[in-house]
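To start, the structure under review is shown below, and the notes come after it.
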Amino acid sequence: MGLESLIGGEGFLTTTVNGLVNWGRKNALWPMPFGTACCAIEMMATFSGRYDISRFGAEVVRFSPRQSDLLIVSGRISIKMMPVLQKIYRQMPEPKWVISMGACASCGGVFDTYTLVQGVDQFIPVDVYVPGCPPRPESLLDAVFEIQKLVGEDRFDSGKHGS
Amino acid sequence: MADNNPAYEALPADLKSKVLESVEHQGQVALRCKAADQRALLENFRLSQGYDFLVDVTAMDHLGKDTEERFEIVYVLRSLTANHTFRLHVWLDESDNAIPSVFDLWDSARWGERETHDMFGIVFEGNPDLRRFLMPEDYPAFPLLKDYPLKGKEERRQFPKVVARGDRMVEEEPDTYPTSIGRQMHTPEYIEEVRRDSKPRE
Amino acid sequence: MTQNPENSGRNTPVPSAATLEKELEKGWRDHRSGARPSSVSSVTEDDGDGRMVMNFGPQHPATHGTLRSVFTLEGESIVEADVEIGYLHTGFEKLGEHMTYQQWVTVSDRMNYLSAINNNVGYSVAVEELLGIEVPPRCAALRVIMCELSRIADHVLCVGLQGMDLGAFSVMLWSFEKRELVYDIIEAVCGARLTTSWTRVGGIIRDVPEFFPDLVYSFLDEFPPIIEEIHGMLLNNKIFVDRVKDIGKISTEQALSYGLTGPVGRASGLTMDVRKDSPYLGYDKYDFKVPSQTEGDSFARYMQRMEEIEQSLEIIRQAMATLPQGEVVHDDFKTSLPEKDAVYNDMESLIHHFKLVMLGHGIRPDKGQSIYSATEAPCGELGFFIASDGSDTPYRLRVRPPSLYNYGLFPRLAEGGMISDAVAILSSFHVIAGELDR
């Protein structure tokens with residue numbers, strides 16, 4: 001029961017360009033893992049065997065920001081790291097989405113200290129937050145679904161993500 | 001005065017008199033001395049007594065406490081052959097916060113001292129590499145000093161903000177920038193500047 | 001060192017094709033004349049002596065988190081190496097001065113997130129030593145079992161990552177899969193996978209579930225074959241073996257002087273193990289060996305970890321066989337939290353609990369007491385220096401992270417080798433950024 005059953009006998013498919021592009025985008029997210037601390041380990045667990053993010057088309061991990069469209073900020077971001085994160089965010093081509101994984105990236109977590117940025121959303125736009133310290137791999141998968149929803153609702157000509 | 005610490009017992013008489021006191025807690029001995037005698041004592045421990053493993057170097061800040069001096073440098077020494085560990089606490093005056101480095105005795109002191117410098121602003125004279133370690137180069141403070149607040153002085157908020165404007169992402173600059181972080185790193189001028197600007201005392 | 005120019009490409013005007021062509025042509029000319037174009041991304045040139053300065057990290061898959069190295073290269077050989085750390089500096093020590101003794105247990109997990117339980121136990125042991133209390137035998141045995149499980153998970157992951165860095169990706173996937181076995185046990189015991197916060201000062205949070213022995217025994221049955229499998233995959237892999245053998249040799253003297261501990265130190269012939277030298281938690285009751293190697297290269301560090309896994313399995317086996325029954329929390333409730341059941345149903349326990357968790361009460365060691373206490377974490381000697389001023393928070397809480405001192409030797413080792421050797425060395429050191437930077 002794949003796509004071919006929907007297409008029918010003549011081999012035609014009517015859709016919008018928007019729908020087609022979003023369908024492609026959301027099922028082939030290329031994540032850029034910006035892993036620093038504990039959450040990075042859970043993120044790696046998500047990418048590996050048992051939780052296997054490739055079931056949802058997001059397994060092509062690219063460590064080069066120029067080849068990826070989903071930034072997963074996982075772990076504490078210190079004031080020394082923040083410029084690096086911003087540089088990487090800027091280097092990613094549009095359209096791009098950001099997951100802030102875990103309490104520390106989202107709000108500083110238990111570390112209300114002099115060196116830790118209290119939430120990366122102060123400085124870069126964040127689309128989906130994942131609660132947890134660290135979040136379980138299932139939570140990260142859920143966040144990827146949320147991103148897929150966002151991508152699906154996106155109008156690629158709306159200008160939100162450049163053109 | 002110290003009783004069952006072999007490291008103290010083995011000291012020659014003139015060095016023994018340099019040890020101010022010896023505190024024992026749960027079987028672990030801590031010797032105390034003044035900054036002027038630190039080098040002689042450590043040299044004796046390393047070269048004559050074979051304390052060949054410097055486990056850790058750190059410091060304590062006794063700001064506003066009724067102690068001899070403000071800073072206390074802590075050396076944790078271990079002899080592998082004798083399987084014995086003890087600590088040497090060195091009082092360091094606030095007005096002259098410099099102490100001889102011991103990196104030539106133990107290489108592990110290179111980074112231990114560098115971190116202590118980064119956190120407390122204590123200068124280890126002779127250490128070849130006393131740049132900032134954990135903090136950005138132009139961080140304006142020494143964070144583990146007791147008069148530095150836990151939450152810092154708003155350094156963590158001052159970054160450019162990437163926001164969407166129209167169809168593109170632009171950066172908004174904050175009003176002030178105490179730390180610029182992206183500047184040239186590790187230049188001697190810069191290190192000089194940091195030392196000058198951020199004295200560890202009020 | 002030169003900073004990279006902004007390469008965002010968003011706000012700069014796009015150069016025309018003609019300009020680009022001209023630049024490329026000039027770049028090629030410069031290349032042929034020996035002067036390369038100066039703004040290649042992340043690789044910058046020094047002043048014309050043919051040396052390049054290359055940034056490696058802080059965001060790079062082979063840097064294991066947030067390590068940054070700056071290599072001065074001549075061709076592909078590293079002539080000068082410098083490392084920059086602190087990208088994950090979190091302020092654990094400062095935080096320790098503002099949290100009570102019990103509270104800091106929670107934070108200690110986040111320091112070395114690959115073996116959180118070893119951090120919990122190390123910190124609890126340190127505070128217990130400061131207070132002079134001894135935990136009940138069942139608690140000690142359970143702590144030993146969990147510590148060793150955690151050590152196995154950490155070593156397996158390290159070996160997997162070592163394989164991944166050197167091109168044997170499947171080893172990493174397999175080791176992650178086998179790590180999940182340990183996570184299952186940890187999850188059953190404390191409810192979390194990574195950040196366990198399992199111990200308390202004077203005990204552990206609660207007794208293990210009834211099915212705990214079944215879980216551990218099935219783990220003991222299931223795990224040993226994976227050692228053979230990993231050996232089979234890596235030792236028969238000529239690329240892996242060639243890239244780690246005789247790479248990053250550390251002499252015993254060097255290891256001693258730089259303060260290397262743990263598998264890195266023991267792979268260089270430094271037979272030091274806190275579990276043997278100054279046993280805590282009754283490690284002296286168990287019969288185990290401290291393996292050590294003499295070669296001191298990356299391969300020896302790999303072999304060292306695998307042998308340590310076998311010894312850990314042995315310790316777990318013995319500890320499970322002799323697991324005593326009884327309480328898991330020290331019975332002096334002036335210092336250790338009573339069990340939750342008792343708190344809800346018993347007036348006295350409620351009062352104890354209240355006194356312990358109220359700010360300004362809690363555990364208060366005497367003024368001026370201080371202790372340096374070390375435990376053997378998977379990375380090496382994890383030491384805590386705690387000084388008290390008589391209040392309910394430590395006056396100074398210093399962590400002696402094994403990774404910091406281990407990593408101190410890395411730039412010296414990388415010098416003289418190739419870039420690819422630096423990766424092989426770094427992955428064998430197993431530096432945890434959270435612990436390194438604290």
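Residues in the structure tokens are named by chain (A, B, ... in the order shown) and by number from 1 within that chain; ligands are numbered from 1 in the order shown.
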Distance table requested - chain B against chain C, cut-off 7 Å, only C-alpha atoms: one row per qualifying residue with the closest atom pair and its distance in Å to one decimal, ordered by chain and rising residue number, as JSON lines.
```
{"residue": "B:His25", "atom": "CA", "partner": "C:Gln369", "partner_atom": "CA", "distance": 6.8}
{"residue": "B:Gln26", "atom": "CA", "partner": "C:Gly132", "partner_atom": "CA", "distance": 6.8}
{"residue": "B:Phe53", "atom": "CA", "partner": "C:Leu256", "partner_atom": "CA", "distance": 6.2}
{"residue": "B:Leu54", "atom": "CA", "partner": "C:Gly259", "partner_atom": "CA", "distance": 6.5}
{"residue": "B:Val55", "atom": "CA", "partner": "C:Gly259", "partner_atom": "CA", "distance": 6.4}
{"residue": "B:Asp56", "atom": "CA", "partner": "C:Arg400", "partner_atom": "CA", "distance": 6.4}
{"residue": "B:Met60", "atom": "CA", "partner": "C:Arg396", "partner_atom": "CA", "distance": 6.6}
{"residue": "B:Asn83", "atom": "CA", "partner": "C:Asp277", "partner_atom": "CA", "distance": 6.8}
{"residue": "B:Trp106", "atom": "CA", "partner": "C:Ser257", "partner_atom": "CA", "distance": 5.1}
{"residue": "B:Asp107", "atom": "CA", "partner": "C:Tyr258", "partner_atom": "CA", "distance": 4.8}
{"residue": "B:Ser108", "atom": "CA", "partner": "C:Tyr258", "partner_atom": "CA", "distance": 4.2}
{"residue": "B:Trp111", "atom": "CA", "partner": "C:Gly408", "partner_atom": "CA", "distance": 6.6}
{"residue": "B:Phe133", "atom": "CA", "partner": "C:Gly86", "partner_atom": "CA", "distance": 6.5}
{"residue": "B:Leu134", "atom": "CA", "partner": "C:Gly86", "partner_atom": "CA", "distance": 3.7}
{"residue": "B:Met135", "atom": "CA", "partner": "C:Gly86", "partner_atom": "CA", "distance": 6.0}
{"residue": "B:Leu144", "atom": "CA", "partner": "C:Lys94", "partner_atom": "CA", "distance": 6.1}
{"residue": "B:Leu150", "atom": "CA", "partner": "C:Lys94", "partner_atom": "CA", "distance": 6.5}
{"residue": "B:Gln184", "atom": "CA", "partner": "C:Gln3", "partner_atom": "CA", "distance": 6.8}
```
Filtering to C-alpha atoms, could you give me those residues as an mmCIF file, in the first residue's frame?
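Generated output (selection-v9.cif):
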```
data_model
loop_
_atom_site.group_PDB
_atom_site.id
_atom_site.type_symbol
_atom_site.label_atom_id
_atom_site.label_comp_id
_atom_site.auth_asym_id
_atom_site.auth_seq_id
_atom_site.Cartn_x
_atom_site.Cartn_y
_atom_site.Cartn_z
ATOM 1 C CA HIS B 25 40.843 15.273 59.721
ATOM 2 C CA GLN B 26 39.684 11.706 59.077
ATOM 3 C CA PHE B 53 52.355 12.818 41.898
ATOM 4 C CA LEU B 54 50.763 16.225 42.191
ATOM 5 C CA VAL B 55 47.134 15.288 42.369
ATOM 6 C CA ASP B 56 45.625 18.726 42.287
ATOM 7 C CA MET B 60 40.286 29.066 48.396
ATOM 8 C CA ASN B 83 50.926 5.284 48.862
ATOM 9 C CA TRP B 106 55.317 18.403 38.236
ATOM 10 C CA ASP B 107 53.963 18.958 34.753
ATOM 11 C CA SER B 108 50.430 18.592 36.031
ATOM 12 C CA TRP B 111 47.157 23.272 33.952
ATOM 13 C CA PHE B 133 41.536 28.820 30.644
ATOM 14 C CA LEU B 134 37.876 28.133 31.093
ATOM 15 C CA MET B 135 36.551 31.644 30.675
ATOM 16 C CA LEU B 144 35.387 31.932 41.951
ATOM 17 C CA LEU B 150 26.902 33.353 41.321
ATOM 18 C CA GLN B 184 41.806 38.173 18.589
#
```
Close residues, Ser68 in chain A itself excluded, 6 Å, only C-alpha atoms, min 4 positions apart in chain, as JSON, numbers by chain = {"A": [30, 31, 32]}
Got a sec: who's within 12 Å of Trp97 in chain A, counting only C-alpha atoms, leaving out chain neighbours fewer than 2 positions off, as a PDB file with N, CA and C atoms, in the first residue's frame?
```
ATOM      1  N   ARG A  25      10.668  18.080   1.894  1.00  0.00           N
ATOM      2  CA  ARG A  25      11.481  18.668   2.951  1.00  0.00           C
ATOM      3  C   ARG A  25      11.279  17.966   4.281  1.00  0.00           C
ATOM      4  N   LYS A  26      10.013  17.699   4.590  1.00  0.00           N
ATOM      5  CA  LYS A  26       9.766  17.237   5.945  1.00  0.00           C
ATOM      6  C   LYS A  26      10.161  15.785   6.138  1.00  0.00           C
ATOM      7  N   LEU A  29      14.728  15.507   6.605  1.00  0.00           N
ATOM      8  CA  LEU A  29      15.426  16.536   7.369  1.00  0.00           C
ATOM      9  C   LEU A  29      16.865  16.104   7.569  1.00  0.00           C
ATOM     10  N   TRP A  30      17.763  17.044   7.381  1.00  0.00           N
ATOM     11  CA  TRP A  30      19.168  16.735   7.638  1.00  0.00           C
ATOM     12  C   TRP A  30      19.580  17.479   8.892  1.00  0.00           C
ATOM     13  N   PRO A  31      19.702  16.767   9.988  1.00  0.00           N
ATOM     14  CA  PRO A  31      20.017  17.482  11.234  1.00  0.00           C
ATOM     15  C   PRO A  31      21.498  17.830  11.355  1.00  0.00           C
ATOM     16  N   MET A  32      21.709  18.959  11.973  1.00  0.00           N
ATOM     17  CA  MET A  32      23.064  19.355  12.361  1.00  0.00           C
ATOM     18  C   MET A  32      23.103  19.246  13.878  1.00  0.00           C
ATOM     19  N   PRO A  65      27.298  22.747   8.892  1.00  0.00           N
ATOM     20  CA  PRO A  65      26.035  23.481   8.892  1.00  0.00           C
ATOM     21  C   PRO A  65      25.536  23.796   7.494  1.00  0.00           C
ATOM     22  N   SER A  68      22.855  21.226   6.152  1.00  0.00           N
ATOM     23  CA  SER A  68      21.783  20.743   7.012  1.00  0.00           C
ATOM     24  C   SER A  68      20.692  21.789   7.147  1.00  0.00           C
ATOM     25  N   ASP A  69      19.510  21.324   7.525  1.00  0.00           N
ATOM     26  CA  ASP A  69      18.414  22.265   7.663  1.00  0.00           C
ATOM     27  C   ASP A  69      17.733  22.198   9.021  1.00  0.00           C
ATOM     28  N   LEU A  70      18.222  21.335   9.902  1.00  0.00           N
ATOM     29  CA  LEU A  70      17.632  21.261  11.236  1.00  0.00           C
ATOM     30  C   LEU A  70      18.752  21.325  12.252  1.00  0.00           C
ATOM     31  N   LEU A  71      18.750  22.378  13.056  1.00  0.00           N
ATOM     32  CA  LEU A  71      19.784  22.526  14.079  1.00  0.00           C
ATOM     33  C   LEU A  71      19.235  21.987  15.391  1.00  0.00           C
ATOM     34  N   ILE A  72      19.898  20.981  15.947  1.00  0.00           N
ATOM     35  CA  ILE A  72      19.471  20.452  17.243  1.00  0.00           C
ATOM     36  C   ILE A  72      20.464  20.953  18.288  1.00  0.00           C
ATOM     37  N   VAL A  73      20.042  21.920  19.065  1.00  0.00           N
ATOM     38  CA  VAL A  73      20.917  22.441  20.112  1.00  0.00           C
ATOM     39  C   VAL A  73      20.695  21.586  21.340  1.00  0.00           C
ATOM     40  N   TYR A  89      24.528  28.798  13.237  1.00  0.00           N
ATOM     41  CA  TYR A  89      23.156  29.045  12.809  1.00  0.00           C
ATOM     42  C   TYR A  89      23.143  29.901  11.549  1.00  0.00           C
ATOM     43  N   ARG A  90      23.990  30.917  11.535  1.00  0.00           N
ATOM     44  CA  ARG A  90      23.992  31.794  10.362  1.00  0.00           C
ATOM     45  C   ARG A  90      24.516  31.077   9.133  1.00  0.00           C
ATOM     46  N   MET A  92      23.943  28.087   8.293  1.00  0.00           N
ATOM     47  CA  MET A  92      23.003  27.130   7.707  1.00  0.00           C
ATOM     48  C   MET A  92      22.188  27.808   6.625  1.00  0.00           C
ATOM     49  N   PRO A  93      21.980  27.129   5.511  1.00  0.00           N
ATOM     50  CA  PRO A  93      21.181  27.732   4.447  1.00  0.00           C
ATOM     51  C   PRO A  93      19.699  27.710   4.801  1.00  0.00           C
ATOM     52  N   GLU A  94      18.956  28.665   4.265  1.00  0.00           N
ATOM     53  CA  GLU A  94      17.512  28.662   4.434  1.00  0.00           C
ATOM     54  C   GLU A  94      16.917  27.590   3.536  1.00  0.00           C
ATOM     55  N   PRO A  95      15.782  27.017   3.898  1.00  0.00           N
ATOM     56  CA  PRO A  95      15.067  27.193   5.143  1.00  0.00           C
ATOM     57  C   PRO A  95      15.693  26.351   6.251  1.00  0.00           C
ATOM     58  N   ILE A  99      15.704  22.995  16.942  1.00  0.00           N
ATOM     59  CA  ILE A  99      15.163  22.327  18.122  1.00  0.00           C
ATOM     60  C   ILE A  99      16.060  22.683  19.293  1.00  0.00           C
ATOM     61  N   SER A 100      15.468  23.152  20.361  1.00  0.00           N
ATOM     62  CA  SER A 100      16.236  23.392  21.577  1.00  0.00           C
ATOM     63  C   SER A 100      15.968  22.214  22.494  1.00  0.00           C
ATOM     64  N   ILE A 124      18.933  33.140  19.295  1.00  0.00           N
ATOM     65  CA  ILE A 124      18.589  32.605  17.976  1.00  0.00           C
ATOM     66  C   ILE A 124      17.138  32.149  18.023  1.00  0.00           C
ATOM     67  N   PRO A 125      16.442  32.166  16.897  1.00  0.00           N
ATOM     68  CA  PRO A 125      15.050  31.723  16.889  1.00  0.00           C
ATOM     69  C   PRO A 125      14.971  30.209  17.115  1.00  0.00           C
ATOM     70  N   VAL A 126      14.027  29.801  17.955  1.00  0.00           N
ATOM     71  CA  VAL A 126      13.857  28.378  18.237  1.00  0.00           C
ATOM     72  C   VAL A 126      12.448  27.976  17.837  1.00  0.00           C
ATOM     73  N   ASP A 127      12.307  26.843  17.176  1.00  0.00           N
ATOM     74  CA  ASP A 127      10.988  26.389  16.747  1.00  0.00           C
ATOM     75  C   ASP A 127      10.348  25.445  17.739  1.00  0.00           C
ATOM     76  N   VAL A 128      11.111  24.471  18.207  1.00  0.00           N
ATOM     77  CA  VAL A 128      10.526  23.464  19.098  1.00  0.00           C
ATOM     78  C   VAL A 128      11.437  23.296  20.320  1.00  0.00           C
ATOM     79  N   TYR A 129      10.820  23.287  21.494  1.00  0.00           N
ATOM     80  CA  TYR A 129      11.567  23.038  22.719  1.00  0.00           C
ATOM     81  C   TYR A 129      11.277  21.615  23.180  1.00  0.00           C
ATOM     82  N   ALA A 143       9.867  15.714  19.039  1.00  0.00           N
ATOM     83  CA  ALA A 143      10.205  17.055  18.571  1.00  0.00           C
ATOM     84  C   ALA A 143      10.422  17.058  17.065  1.00  0.00           C
ATOM     85  N   VAL A 144      11.014  15.983  16.556  1.00  0.00           N
ATOM     86  CA  VAL A 144      11.204  15.901  15.108  1.00  0.00           C
ATOM     87  C   VAL A 144       9.845  15.867  14.408  1.00  0.00           C
ATOM     88  N   GLU A 146       7.153  17.273  15.490  1.00  0.00           N
ATOM     89  CA  GLU A 146       6.633  18.637  15.545  1.00  0.00           C
ATOM     90  C   GLU A 146       7.253  19.499  14.449  1.00  0.00           C
ATOM     91  N   ILE A 147       8.547  19.298  14.261  1.00  0.00           N
ATOM     92  CA  ILE A 147       9.224  20.043  13.194  1.00  0.00           C
ATOM     93  C   ILE A 147       8.618  19.662  11.849  1.00  0.00           C
ATOM     94  N   GLN A 148       8.342  18.351  11.679  1.00  0.00           N
ATOM     95  CA  GLN A 148       7.757  17.915  10.413  1.00  0.00           C
ATOM     96  C   GLN A 148       6.407  18.571  10.185  1.00  0.00           C
ATOM     97  N   LYS A 149       5.646  18.724  11.290  1.00  0.00           N
ATOM     98  CA  LYS A 149       4.359  19.413  11.157  1.00  0.00           C
ATOM     99  C   LYS A 149       4.576  20.847  10.706  1.00  0.00           C
ATOM    100  N   LEU A 150       5.541  21.507  11.360  1.00  0.00           N
ATOM    101  CA  LEU A 150       5.825  22.895  11.007  1.00  0.00           C
ATOM    102  C   LEU A 150       6.219  23.008   9.542  1.00  0.00           C
ATOM    103  N   VAL A 151       7.064  22.084   9.118  1.00  0.00           N
ATOM    104  CA  VAL A 151       7.515  22.115   7.735  1.00  0.00           C
ATOM    105  C   VAL A 151       6.329  21.898   6.807  1.00  0.00           C
ATOM    106  N   ASP A 154       4.298  24.954   6.337  1.00  0.00           N
ATOM    107  CA  ASP A 154       5.027  26.109   5.823  1.00  0.00           C
ATOM    108  C   ASP A 154       4.641  26.385   4.383  1.00  0.00           C
ATOM    109  N   LYS A 160       8.864  33.522   4.997  1.00  0.00           N
ATOM    110  CA  LYS A 160       9.312  33.301   6.364  1.00  0.00           C
ATOM    111  C   LYS A 160      10.721  32.729   6.390  1.00  0.00           C
ATOM    112  N   HIS A 161      10.959  31.866   5.459  1.00  0.00           N
ATOM    113  CA  HIS A 161      12.276  31.249   5.440  1.00  0.00           C
ATOM    114  C   HIS A 161      13.074  31.698   4.223  1.00  0.00           C
TER     115      HIS A 161
END
```
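When the distance limit is 9 Å and only C-alpha atoms are what count, the residues near Ile53 in chain A, minus those fewer than 6 positions from it on the same chain, are Thr46, Phe47, Glu59, Leu141 and Val144 of chain A.
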Prev. selection, all heavy atoms, output as a PDB file, in the first residue's frame:
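This went into selection.pdb:
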```pdb
ATOM      1  N   THR A  46      19.456   8.519  20.162  1.00  0.00           N
ATOM      2  CA  THR A  46      18.336   8.615  19.223  1.00  0.00           C
ATOM      3  C   THR A  46      18.775   8.261  17.813  1.00  0.00           C
ATOM      4  O   THR A  46      18.032   7.662  17.054  1.00  0.00           O
ATOM      5  CB  THR A  46      17.762  10.043  19.239  1.00  0.00           C
ATOM      6  OG1 THR A  46      17.727  10.508  20.563  1.00  0.00           O
ATOM      7  CG2 THR A  46      16.387  10.075  18.626  1.00  0.00           C
ATOM      8  N   PHE A  47      19.987   8.630  17.486  1.00  0.00           N
ATOM      9  CA  PHE A  47      20.463   8.358  16.132  1.00  0.00           C
ATOM     10  C   PHE A  47      20.869   6.903  15.958  1.00  0.00           C
ATOM     11  O   PHE A  47      20.958   6.414  14.849  1.00  0.00           O
ATOM     12  CB  PHE A  47      21.670   9.251  15.799  1.00  0.00           C
ATOM     13  CG  PHE A  47      21.300  10.680  15.586  1.00  0.00           C
ATOM     14  CD1 PHE A  47      21.975  11.707  16.219  1.00  0.00           C
ATOM     15  CD2 PHE A  47      20.260  11.009  14.744  1.00  0.00           C
ATOM     16  CE1 PHE A  47      21.621  13.021  16.027  1.00  0.00           C
ATOM     17  CE2 PHE A  47      19.893  12.325  14.543  1.00  0.00           C
ATOM     18  CZ  PHE A  47      20.573  13.325  15.191  1.00  0.00           C
ATOM     19  N   GLU A  59      17.954  10.796   9.482  1.00  0.00           N
ATOM     20  CA  GLU A  59      19.167  10.182  10.003  1.00  0.00           C
ATOM     21  C   GLU A  59      20.429  10.712   9.340  1.00  0.00           C
ATOM     22  O   GLU A  59      21.522  10.352   9.744  1.00  0.00           O
ATOM     23  CB  GLU A  59      19.093   8.664   9.833  1.00  0.00           C
ATOM     24  CG  GLU A  59      19.498   8.136   8.478  1.00  0.00           C
ATOM     25  CD  GLU A  59      18.398   8.241   7.444  1.00  0.00           C
ATOM     26  OE1 GLU A  59      17.468   9.027   7.677  1.00  0.00           O
ATOM     27  OE2 GLU A  59      18.484   7.555   6.427  1.00  0.00           O
ATOM     28  N   LEU A 141      12.389  12.376  19.341  1.00  0.00           N
ATOM     29  CA  LEU A 141      11.639  11.930  18.153  1.00  0.00           C
ATOM     30  C   LEU A 141      10.364  12.746  18.022  1.00  0.00           C
ATOM     31  O   LEU A 141       9.993  13.185  16.931  1.00  0.00           O
ATOM     32  CB  LEU A 141      11.310  10.438  18.276  1.00  0.00           C
ATOM     33  CG  LEU A 141      12.491   9.487  18.136  1.00  0.00           C
ATOM     34  CD1 LEU A 141      12.026   8.059  18.319  1.00  0.00           C
ATOM     35  CD2 LEU A 141      13.148   9.650  16.788  1.00  0.00           C
ATOM     36  N   VAL A 144      11.014  15.983  16.556  1.00  0.00           N
ATOM     37  CA  VAL A 144      11.204  15.901  15.108  1.00  0.00           C
ATOM     38  C   VAL A 144       9.845  15.867  14.408  1.00  0.00           C
ATOM     39  O   VAL A 144       9.635  16.496  13.371  1.00  0.00           O
ATOM     40  CB  VAL A 144      12.070  14.679  14.750  1.00  0.00           C
ATOM     41  CG1 VAL A 144      12.100  14.462  13.254  1.00  0.00           C
ATOM     42  CG2 VAL A 144      13.476  14.862  15.274  1.00  0.00           C
TER      43      VAL A 144
END
```
Give me, as a tab-separated table, each residue of chain A that comes within 7 Å of chain C, together with its shortest interatomic pair and the distance in Å at one decimal, counting only C-alpha atoms, with rows ordered by chain and rising residue number.
```
residue	atom	partner	partner_atom	distance
A:Gly35	CA	C:Gly65	CA	6.3
A:Thr36	CA	C:Gly65	CA	5.0
A:Ala37	CA	C:Gly434	CA	6.1
A:Cys38	CA	C:Tyr113	CA	5.2
A:Ala45	CA	C:Phe176	CA	6.8
A:Ser48	CA	C:Leu173	CA	5.7
A:Gly49	CA	C:Glu177	CA	6.0
A:Arg50	CA	C:Glu177	CA	6.4
A:Phe63	CA	C:Pro61	CA	6.5
A:Arg76	CA	C:Leu88	CA	6.9
A:Ile77	CA	C:Leu88	CA	6.8
A:Ser78	CA	C:Leu88	CA	5.8
A:Lys80	CA	C:Tyr87	CA	5.4
A:Met81	CA	C:Tyr87	CA	5.2
A:Arg90	CA	C:Ser8	CA	5.3
A:Gln91	CA	C:Ser8	CA	4.8
A:Thr113	CA	C:Gly91	CA	6.2
A:Thr115	CA	C:Thr90	CA	5.9
A:Leu116	CA	C:Thr90	CA	6.1
```
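Each of A:Glu138, A:Arg155, A:Val84, A:Ile79 was compared to chain B using only C-alpha atoms, and A:Ile79 turns out to be the nearest.
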